[in-house]
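One structure is given below, encoded as structure tokens.
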4 protein chains.
Amino acid sequence: MSEKISVGIIGATGMVGQQYIRLLQHHPWFSISYLAASPQSAGKKYSDAVAGRWHAEGDIPSSVEDMVVHDAQDVQGAASRCRMVFSAVEMKKEEIARLEESYATSGIAVVSNNSAHRWTADVPMIIPEINAHHAECIRAQRKNRGWQKGLIAVKSNCSIQSYMTPLFALLKAGYLVDRMFVTTLQALSGAGYPGPSAFDMVDNVIPFIGGEEEKSEVEPLKILGKVSENGIVKADAPRISAHCNRVPVLHGHSACVSLGFSAKKPELKEIESIWRSFKAEPQELDLPSAPRQPIIVRSEANRPQPRLDRDADKAMAVTVGRLRPCNLLDVRFVGLHHNTIRGAAGGCVLTAELIKAKGYLN
Amino acid sequence: MSEKISVGIIGATGMVGQQYIRLLQHHPWFSISYLAASPQSAGKKYSDAVAGRWHAEGDIPSSVEDMVVHDAQDVQGAASRCRMVFSAVEMKKEEIARLEESYATSGIAVVSNNSAHRWTADVPMIIPEINAHHAECIRAQRKNRGWQKGLIAVKSNCSIQSYMTPLFALLKAGYLVDRMFVTTLQALSGAGYPGPSAFDMVDNVIPFIGGEEEKSEVEPLKILGKVSENGIVKADAPRISAHCNRVPVLHGHSACVSLGFSAKKPELKEIESIWRSFKAEPQELDLPSAPRQPIIVRSEANRPQPRLDRDADKAMAVTVGRLRPCNLLDVRFVGLHHNTIRGAAGGCVLTAELIKAKGYLN
Amino acid sequence: MSEKISVGIIGATGMVGQQYIRLLQHHPWFSISYLAASPQSAGKKYSDAVAGRWHAEGDIPSSVEDMVVHDAQDVQGAASRCRMVFSAVEMKKEEIARLEESYATSGIAVVSNNSAHRWTADVPMIIPEINAHHAECIRAQRKNRGWQKGLIAVKSNCSIQSYMTPLFALLKAGYLVDRMFVTTLQALSGAGYPGPSAFDMVDNVIPFIGGEEEKSEVEPLKILGKVSENGIVKADAPRISAHCNRVPVLHGHSACVSLGFSAKKPELKEIESIWRSFKAEPQELDLPSAPRQPIIVRSEANRPQPRLDRDADKAMAVTVGRLRPCNLLDVRFVGLHHNTIRGAAGGCVLTAELIKAKGYLN
Amino acid sequence: MSEKISVGIIGATGMVGQQYIRLLQHHPWFSISYLAASPQSAGKKYSDAVAGRWHAEGDIPSSVEDMVVHDAQDVQGAASRCRMVFSAVEMKKEEIARLEESYATSGIAVVSNNSAHRWTADVPMIIPEINAHHAECIRAQRKNRGWQKGLIAVKSNCSIQSYMTPLFALLKAGYLVDRMFVTTLQALSGAGYPGPSAFDMVDNVIPFIGGEEEKSEVEPLKILGKVSENGIVKADAPRISAHCNRVPVLHGHSACVSLGFSAKKPELKEIESIWRSFKAEPQELDLPSAPRQPIIVRSEANRPQPRLDRDADKAMAVTVGRLRPCNLLDVRFVGLHHNTIRGAAGGCVLTAELIKAKGYLN
């Protein structure tokens with residue numbers, strides 16, 4: 001226990017903050033030593049601060065129930081108690097950007113769920129199975145900003161994770177994709193709590209999620225980008241068209257995807273085989289939160305389905321199915337992942353494990 | 001009353017059959033004089049035959065409650081009582097094809113909801129706002145088969161109706177579309193009753209509907225085809241890729257659509273203007289079931305939504321929204337229509353009105 | 001048109017306010033001449049004020065789209081433009097009580113959906129089929145308060161309306177009920193908008209609605225009370241135990257009810273016959289919004305159901321079913337009504353019609 | 001492993017049969033050695049027999065995937081391979097009764113989920129926390145029927161389990177309950193698969209479940225009965241009135257309960273304390289499937305809720321909340337349990353453990 005790394009959760013009362021708590025409560029490397037949230041929650045016991053809006057599975061872990069919640073603005077307080085923070089605050093983008101920087105300036109490693117720093121050139125946006133090597137730009141980041149121990153790493157928008165790993169597995173195998181059509185059916189929890197009104201979602205779907213399509217079309221390019229001296233240089237391909245819908249599902253974003261290859265085109269069997277055998281750095285490093293198989297291929301005609309497949313491999317795997325030819329591009333499939341675990345808190349914990357394994361917390 | 005045309009409903013106890021009854025109960029031209037269904041229902045009062053599975057809005061119309069249900073196989077019985085039948089039977093495809101032909105041979109005009117004759121060359125598959133002129137091939141049909149008064153006309157799969165009229169309006173205005181991506185979010189009622197289990201649809205979506213994608217990719221080509229001497233010759237474009245999902249919505253199929261133009265490309269404003277002003281033969285003929293405006297354009301960012309928009313203009317209009325540029329093809333939008341009315345019973349009633357107005361029931 | 005009574009809607013942007021607009025748009029006696037809401041909405045066109053949160057069926061009626069919304073606090077403004085207002089404001093109870101009184105002091109007849117004045121002795125709480133005669137206490141009210149033309153009349157909590165009319169029909173027929181068990185399954189719209197989060201209601205029910213059980217146990221006693229010189233004296237019976245649940249239904253409160261009779265006990269057939277033949281003052285006066293049959297008895301084993309029965313008779317009837325002996329009290333049944341129409345806006349419009357018919361608007 | 005008792009599952013392909021498999025796959029005492037189902041499934045691999053309708057959490061356990069399914073009628077086949085069977089067949093009641101008897105005659109211990117033998121006098125209907133001592137009547141059963149090693153024990157209807165243990169805890173503490181009002185909100189899985197149509201359950205509740213109210217009113221009396229020489233003599237109290245509703249929830253039956261005491265009445269605090277400290281034979285014997293605390297008391301105003309509380313303590317605990325005075329009887333509360341685990345497969349496994357611990361499998 002004494003060797004565990006002390007971590008804090010900033011924005012600990014929200015939906016993603018709660019998932020961090022659940023995922024970290026028995027973590028082999030990290031130990032929760034600090035919780036922070038908005039001024040309204042500051043000073044309260046965690047169980048009081050979160051009363052009536054605890055939404056993660058099971059009850060509030062007894063280890064954090066009585067912890068006092070701090071003000072997220074109290075950076076020095078955090079610095080004195082933890083080596084790393086997971087950020088899931090909900091504020092204006094510019095404020096979050098500044099706050100995360102001040103944490104890093106104070107020597108804290110920040111792993112953020114938020115979009116504020118996704119397009120900061122020297123901040124890596126990491127999906128550990130895809131671009132673990134982007135962690136390298138932490139060196140540029142520290143140099144640029146004069147940080148010794150602090151750092152910022154972020155995750156991408158959750159919705160793209162239903163297809164980014166399957167896409168990357170093909171790229172890695174040498175099959176270049178230059179065009180991609182995506183239509184998502186996204187879960188309620190992606191909107192935070194309370195999120196959409198039940199009155200709007202019974203007997204209905206909503207064909208719009210503010211800002212989601214724009215993010216879905218550009219974030220993949222940074223993730224597939226190259227590390228340069230000054231940060232990440234985004235990739236040129238694929239060109240993506242994304243349409244995002246909200247559906248009455250609790251957790252689990254589905255994506256209907258069509259891919260067009262620019263050069264040689266794999267057979268469907270080849271694709272399936274690439275996916276089934278795909279492993280990456282989190283699996284090689286045997287990171288605690290890494291799914292054994294990052295991509296699970298279902299052969300049933302009607303899978304993946306959110307309720308049946310979102311929890312696969314600790315809710316950290318991406319499940320794909322319905323691989324078939326596309327009448328317009330080359331191939332089509334459906335991908336699915338658990339948006340608040342793989343796509344949010346769990347993905348950030350995996351990134352934190354990667355950063356630790358690569359020595360950036362020394 | 002005495003001048004109304006006597007019509008029958010074959011398959012009167014099913015979900016679509018019930019909609020026919022509801023839509024025809026006060027129809028100005030047609031009067032329900034005959035109901036038929038499977039042998040199990042034959043001989044029963046309609047209200048008994050349908051007990052526990054009446055799903056249309058409101059109660060069973062009192063005018064049909066006590067009508068005796070006949071056996072759908074009793075073609076002569078139908079012939080003696082009605083000039084036209086609406087077919088919504090559920091049997092094997094080949095059996096339906098034969099049954100509908102024998103009705104037509106007996107001198108009955110058959111308007112069918114079923115897919116059995118969709119690809120019979122001399123049977124028109126009609127969406128009245130698009131290809132009313134396909135009714136002409138009834139002449140070839142009668143000649144080929146030696147029918148004097150009988151005829152068969154069918155409707156297309158419901159799912160394509162969310163975008164076919166908006167697509168056609170652009171074609172008609174001279175903007176040729178050669179590629180089209182469609183992802184549908186389809187309602188439960190499209191699967192008939194009982195359809196999917198509630199256990200499968202709570203907190204879930206199902207990314208597969210058997211046979212639906214295939215139909216969605218080819219039926220538009222017949223609808224956009226040309227009338228030749230021997231029937232309809234299907235069109236070459238657009239090439240369509242369709243992905244179909246089932247969502248927990250009662251009625252109303254949504255479609256996320258991207259269009260690619262082959263030659264000149266309209267501005268978004270031009271498209272909107274084309275849609276808003278689109279009228280076709282049903283409007284010009286002032287058919288009783290024709291929507292005043294076949295295409296309704298919503299300007300809100302999050303419309304159309306199934307529960308809010310499916311009932312627009314007697315549930316006979318197609319509602320579109322979210323018109324915007326596509327990152328891969330040219331433009332994108334969302335279309336929506338009421339699948340059991342516009343896409344099924346209501347569409348067939350409109351086709352029947354068209355056939356009558358064109359003189360084929362004389 | 002010139003003879004119609006000018007009415008205003010105070011709280012016009014909320015869920016109940018919208019229903020008022022929908023119900024009054026073609027009303028034969030009343031004409032909407034005034035809309036008011038909170039200061040944030042004041043000064044805006046109605047369609048702008050309600051943008052993104054119009055929830056009533058169909059679109060915003062064009063007759064009110066461009067009306068300017070006033071500040072609900074501007075009592076004089078209202079007084080100059082309307083003879084009666086329908087109040088559906090959402091503020092603190094005491095503030096509403098004061099505001100409604102100041103409207104009445106200004107000479108306006110106030111019919112309120114709100115609970116603020118339900119227990120004011122000289123304010124009648126009216127369900128027109130039950131206690132139309134309570135309108136008499138408007139005289140005491142005017143005398144007590146020195147009002148010439150103003151008045152206040154209110155409706156009860158919506159949840160009790162699923163069983164109050166069936167209960168009253170039995171009382172009126174001479175069968176005294178002294179004990180009553182009620183468990184409700186209440187719709188989302190009863191909580192206003194946005195109301196419960198979709199995340200809380202998918203795959204779930206909530207066995208609690210704040211304040212609802214208390215109201216359900218005492219309001220019936222005022223409704224069944226007697227008019228005295230100083231106002232209503234509440235009845236002694238029946239004693240009610242109410243348990244209230246929230247379920248994922250859009251509209252339509254269901255109630256599972258057991259009744260115990262204190263003296264003679266009717267046969268089930270007698271009860272059914274009493275319900276089927278029940279008529280009251282709104283039917284005798286032929287009020288425009290009165291349901292033809294206030295109580296509809298369904299004989300199917302599994303009715304009433306919210307989606308199938310809430311809209312019966314313009315959504316103004318109460319539907320009952322499953323009448324059977326109770327193993328503990330005497331009889332049991334299930335009652336259902338449309339909570340935002342019969343139980344809210346429609347009930348108030350009916351009360352307003354009653355008040356007008358009885359001459360209180362002269 | 002070699003010491004584990006070989007068990008079979010009869011009706012292994014249904015919803016409850018699947019739960020047996022899931023619960024028994026790592027059981028410390030029992031090992032699945034035999035699967036049987038209807039003739040249509042017989043001869044198939046389990047994974048093929050259940051293809052497209054596996055509904056339990058997670059995938060089909062690999063240990064049973066390839067097991068061949070036998071015909072449930074092949075009693076000798078079962079007798080040669082297992083000492084005990086869990087029965088969850090779906091056939092006519094009389095056939096099930098006969099089939100279960102023939103298994104027992106063949107020397108097999110039968111623990112049944114089915115209602116066929118619930119009212120057979122010498123067959124105990126066991127909720128292990130309440131009437132573990134009813135197992136004694138297995139002796140009478142064996143004597144009556146000349147069975148040496150065979151036996152039949154059954155479980156009650158699932159819906160009553162949301163309140164029977166809380167009720168029993170009070171009885172055991174000396175507080176006699178003679179009247180009880182119950183309204184249930186029952187989950188979809190209680191109806192088996194496919195169960196209700198999604199079309200019937202979206203935006204709806206159904207106030208009726210065939211046969212459920214009758215069972216709910218009488219089964220508690222057998223469970224609370226006394227063991228006599230010839231079997232169980234049912235208790236006289238409490239008298240119960242039950243109303244059962246179906247709601248769109250996947251798992252978890254809720255019950256709104258009012259209790260009337262016949263003699264001394266406990267304070268609410270006393271009741272809560274009795275519930276919190278309640279333990280029974282399964283806990284004392286430390287049976288593998290026993291919940292640590294059979295009754296969990298929630299203090300939040302709006303709990304228990306199906307989705308949040310059904311899984312408490314391996315889905316084997318009953319959760320109660322909202323304890324408060326009743327306006328008609330004495331006290332009220334809400335109880336909830338997981339109907340397919342605690343109320344079905346899990347309850348039967350616990351009963352089997354009890355029977356084994358008491359030596360009836362020697």
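Numbering starts fresh at 1 for the residues of each chain in the structure tokens, the chains themselves are lettered A, B, ... in the order given, and ligands are numbered from 1 as they appear.
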Item to check | All residues 10 Å or closer to C:Ala72, only C-alpha atoms, same chain fewer than 5 positions away omitted, as number ranges by chain | outcome: C: 9-12, 35-39, 41-42, 77-78, 87, 89, 99, 103
Keeping only N, CA, C and O atoms, write those residues as a PDB file, in the first residue's frame.
```
ATOM      1  N   ILE C   9     -53.022  33.551 -20.302  1.00  0.00           N
ATOM      2  CA  ILE C   9     -52.373  32.377 -19.715  1.00  0.00           C
ATOM      3  C   ILE C   9     -51.116  32.876 -19.017  1.00  0.00           C
ATOM      4  O   ILE C   9     -50.249  33.479 -19.643  1.00  0.00           O
ATOM      5  N   ILE C  10     -51.093  32.646 -17.706  1.00  0.00           N
ATOM      6  CA  ILE C  10     -49.969  33.106 -16.891  1.00  0.00           C
ATOM      7  C   ILE C  10     -49.100  31.884 -16.613  1.00  0.00           C
ATOM      8  O   ILE C  10     -49.566  30.902 -16.041  1.00  0.00           O
ATOM      9  N   GLY C  11     -47.860  31.925 -17.039  1.00  0.00           N
ATOM     10  CA  GLY C  11     -47.031  30.718 -16.997  1.00  0.00           C
ATOM     11  C   GLY C  11     -47.188  29.998 -18.323  1.00  0.00           C
ATOM     12  O   GLY C  11     -47.244  28.775 -18.378  1.00  0.00           O
ATOM     13  N   ALA C  12     -47.239  30.779 -19.392  1.00  0.00           N
ATOM     14  CA  ALA C  12     -47.623  30.238 -20.705  1.00  0.00           C
ATOM     15  C   ALA C  12     -46.542  29.394 -21.365  1.00  0.00           C
ATOM     16  O   ALA C  12     -46.806  28.688 -22.323  1.00  0.00           O
ATOM     17  N   LEU C  35     -50.531  36.539 -22.982  1.00  0.00           N
ATOM     18  CA  LEU C  35     -49.644  35.488 -22.489  1.00  0.00           C
ATOM     19  C   LEU C  35     -48.641  36.112 -21.541  1.00  0.00           C
ATOM     20  O   LEU C  35     -48.106  37.192 -21.829  1.00  0.00           O
ATOM     21  N   ALA C  36     -48.400  35.475 -20.422  1.00  0.00           N
ATOM     22  CA  ALA C  36     -47.388  35.991 -19.498  1.00  0.00           C
ATOM     23  C   ALA C  36     -46.553  34.843 -18.976  1.00  0.00           C
ATOM     24  O   ALA C  36     -46.987  33.692 -18.953  1.00  0.00           O
ATOM     25  N   ALA C  37     -45.337  35.196 -18.555  1.00  0.00           N
ATOM     26  CA  ALA C  37     -44.440  34.169 -18.013  1.00  0.00           C
ATOM     27  C   ALA C  37     -43.405  34.870 -17.126  1.00  0.00           C
ATOM     28  O   ALA C  37     -43.637  35.997 -16.653  1.00  0.00           O
ATOM     29  N   SER C  38     -42.269  34.235 -16.920  1.00  0.00           N
ATOM     30  CA  SER C  38     -41.248  34.800 -16.037  1.00  0.00           C
ATOM     31  C   SER C  38     -40.570  35.992 -16.711  1.00  0.00           C
ATOM     32  O   SER C  38     -40.683  36.178 -17.914  1.00  0.00           O
ATOM     33  N   PRO C  39     -39.849  36.815 -15.916  1.00  0.00           N
ATOM     34  CA  PRO C  39     -39.145  37.962 -16.504  1.00  0.00           C
ATOM     35  C   PRO C  39     -38.208  37.570 -17.643  1.00  0.00           C
ATOM     36  O   PRO C  39     -38.048  38.319 -18.609  1.00  0.00           O
ATOM     37  N   SER C  41     -38.694  35.520 -19.979  1.00  0.00           N
ATOM     38  CA  SER C  41     -39.446  35.372 -21.224  1.00  0.00           C
ATOM     39  C   SER C  41     -40.108  36.674 -21.637  1.00  0.00           C
ATOM     40  O   SER C  41     -40.442  36.861 -22.817  1.00  0.00           O
ATOM     41  N   ALA C  42     -40.320  37.566 -20.673  1.00  0.00           N
ATOM     42  CA  ALA C  42     -41.071  38.790 -20.952  1.00  0.00           C
ATOM     43  C   ALA C  42     -40.426  39.601 -22.073  1.00  0.00           C
ATOM     44  O   ALA C  42     -39.204  39.750 -22.125  1.00  0.00           O
ATOM     45  N   GLY C  77     -51.360  45.097 -16.561  1.00  0.00           N
ATOM     46  CA  GLY C  77     -51.332  44.768 -17.988  1.00  0.00           C
ATOM     47  C   GLY C  77     -52.354  43.694 -18.322  1.00  0.00           C
ATOM     48  O   GLY C  77     -53.108  43.793 -19.296  1.00  0.00           O
ATOM     49  N   ALA C  78     -52.382  42.663 -17.483  1.00  0.00           N
ATOM     50  CA  ALA C  78     -53.338  41.585 -17.706  1.00  0.00           C
ATOM     51  C   ALA C  78     -54.768  42.103 -17.557  1.00  0.00           C
ATOM     52  O   ALA C  78     -55.656  41.801 -18.367  1.00  0.00           O
ATOM     53  N   SER C  87     -53.847  30.174 -14.626  1.00  0.00           N
ATOM     54  CA  SER C  87     -52.539  30.315 -13.990  1.00  0.00           C
ATOM     55  C   SER C  87     -51.816  28.972 -13.924  1.00  0.00           C
ATOM     56  O   SER C  87     -52.348  27.977 -13.440  1.00  0.00           O
ATOM     57  N   VAL C  89     -48.188  29.236 -13.292  1.00  0.00           N
ATOM     58  CA  VAL C  89     -46.841  29.741 -12.993  1.00  0.00           C
ATOM     59  C   VAL C  89     -46.091  28.761 -12.092  1.00  0.00           C
ATOM     60  O   VAL C  89     -46.687  27.972 -11.367  1.00  0.00           O
ATOM     61  N   LEU C  99     -49.728  36.444  -5.819  1.00  0.00           N
ATOM     62  CA  LEU C  99     -49.913  36.890  -7.205  1.00  0.00           C
ATOM     63  C   LEU C  99     -51.338  36.607  -7.678  1.00  0.00           C
ATOM     64  O   LEU C  99     -51.991  37.474  -8.270  1.00  0.00           O
ATOM     65  N   TYR C 103     -54.208  39.342  -8.931  1.00  0.00           N
ATOM     66  CA  TYR C 103     -54.982  39.275 -10.176  1.00  0.00           C
ATOM     67  C   TYR C 103     -56.475  39.403  -9.866  1.00  0.00           C
ATOM     68  O   TYR C 103     -57.194  40.174 -10.499  1.00  0.00           O
TER      69      TYR C 103
END
```
Next on the checklist: Should the cut-off be 6 Å, what would the residue list for chain C against chain D look like, counting only C-alpha atoms, as a PyMOL selection string?
Outcome noted: chain C and resi 203-204+206-208+241+249-250+302+305-307+327-328
Checklist entry - Quick one: residues within 10 Å of D:His55, only C-alpha atoms counted, chain neighbours fewer than 6 positions away excluded, as a ChimeraX atom specification? => result /A:308 /B:199-200 /D:13-16,18-19,189,193
Using only C-alpha atoms, please write the residues we just selected to a file, as an mmCIF file, in the first residue's frame.
```cif
data_model
loop_
_atom_site.group_PDB
_atom_site.id
_atom_site.type_symbol
_atom_site.label_atom_id
_atom_site.label_comp_id
_atom_site.auth_asym_id
_atom_site.auth_seq_id
_atom_site.Cartn_x
_atom_site.Cartn_y
_atom_site.Cartn_z
ATOM 1 C CA LEU A 308 -25.074 -7.069 -24.242
ATOM 2 C CA PHE B 199 -36.653 -7.446 -23.007
ATOM 3 C CA ASP B 200 -34.423 -6.905 -26.057
ATOM 4 C CA THR D 13 -32.382 -23.126 -22.607
ATOM 5 C CA GLY D 14 -34.964 -20.777 -21.058
ATOM 6 C CA MET D 15 -34.383 -17.545 -19.178
ATOM 7 C CA VAL D 16 -34.279 -19.195 -15.756
ATOM 8 C CA GLN D 18 -29.643 -19.766 -18.286
ATOM 9 C CA GLN D 19 -29.430 -18.126 -14.889
ATOM 10 C CA SER D 189 -37.940 -10.972 -17.271
ATOM 11 C CA TYR D 193 -38.571 -14.733 -23.117
#
```
Considering only C-alpha atoms, return as a PDB file with N, CA and C atoms, in the first residue's frame whatever protein or nucleic-acid residues lie within 10 Å of D:Ala51, sequence-local ones (same chain, fewer than 4 positions apart) excluded.
```pdb
ATOM      1  N   GLU A 300     -22.495 -13.147 -34.491  1.00  0.00           N
ATOM      2  CA  GLU A 300     -23.950 -13.141 -34.652  1.00  0.00           C
ATOM      3  C   GLU A 300     -24.374 -12.004 -35.579  1.00  0.00           C
TER       4      GLU A 300
ATOM      5  N   THR D  13     -32.517 -24.145 -21.565  1.00  0.00           N
ATOM      6  CA  THR D  13     -32.382 -23.126 -22.607  1.00  0.00           C
ATOM      7  C   THR D  13     -33.206 -21.868 -22.330  1.00  0.00           C
ATOM      8  N   LYS D  45     -25.702 -29.114 -29.477  1.00  0.00           N
ATOM      9  CA  LYS D  45     -24.776 -28.489 -28.534  1.00  0.00           C
ATOM     10  C   LYS D  45     -25.520 -27.358 -27.825  1.00  0.00           C
ATOM     11  N   TYR D  46     -25.190 -27.132 -26.557  1.00  0.00           N
ATOM     12  CA  TYR D  46     -25.916 -26.103 -25.832  1.00  0.00           C
ATOM     13  C   TYR D  46     -25.838 -24.747 -26.535  1.00  0.00           C
ATOM     14  N   SER D  47     -24.663 -24.394 -27.018  1.00  0.00           N
ATOM     15  CA  SER D  47     -24.519 -23.079 -27.652  1.00  0.00           C
ATOM     16  C   SER D  47     -25.384 -22.965 -28.907  1.00  0.00           C
ATOM     17  N   ILE D  60     -22.087 -17.206 -22.838  1.00  0.00           N
ATOM     18  CA  ILE D  60     -22.339 -18.578 -22.390  1.00  0.00           C
ATOM     19  C   ILE D  60     -21.045 -19.122 -21.787  1.00  0.00           C
TER      20      ILE D  60
END
```
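Closest approach to B:Met125 among B:Ile271, B:Leu336, B:Leu224, B:Ile96 is made by B:Leu224 (distances from only C-alpha atoms).
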Checklist entry - How would you write, as a ChimeraX atom specification, the set of residues in stretch 112-250 of chain B that DSSP gives as alpha helix (DSSP H)? => result /B:128-131,137-145,161-172,198-201,212-223
Item to check | DSSP strand (DSSP E or B) residues within stretch 1-134 of chain D, as a ChimeraX atom specification | outcome: /D:5-10,30-37,45,68-71,84-87,109-112,125
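Neighbours of D:Lys279 closer than or equal to 8 Å, with only C-alpha atoms counted and sequence neighbours fewer than 6 positions away skipped, come out as D:Glu129, D:Gln293, D:Pro294.
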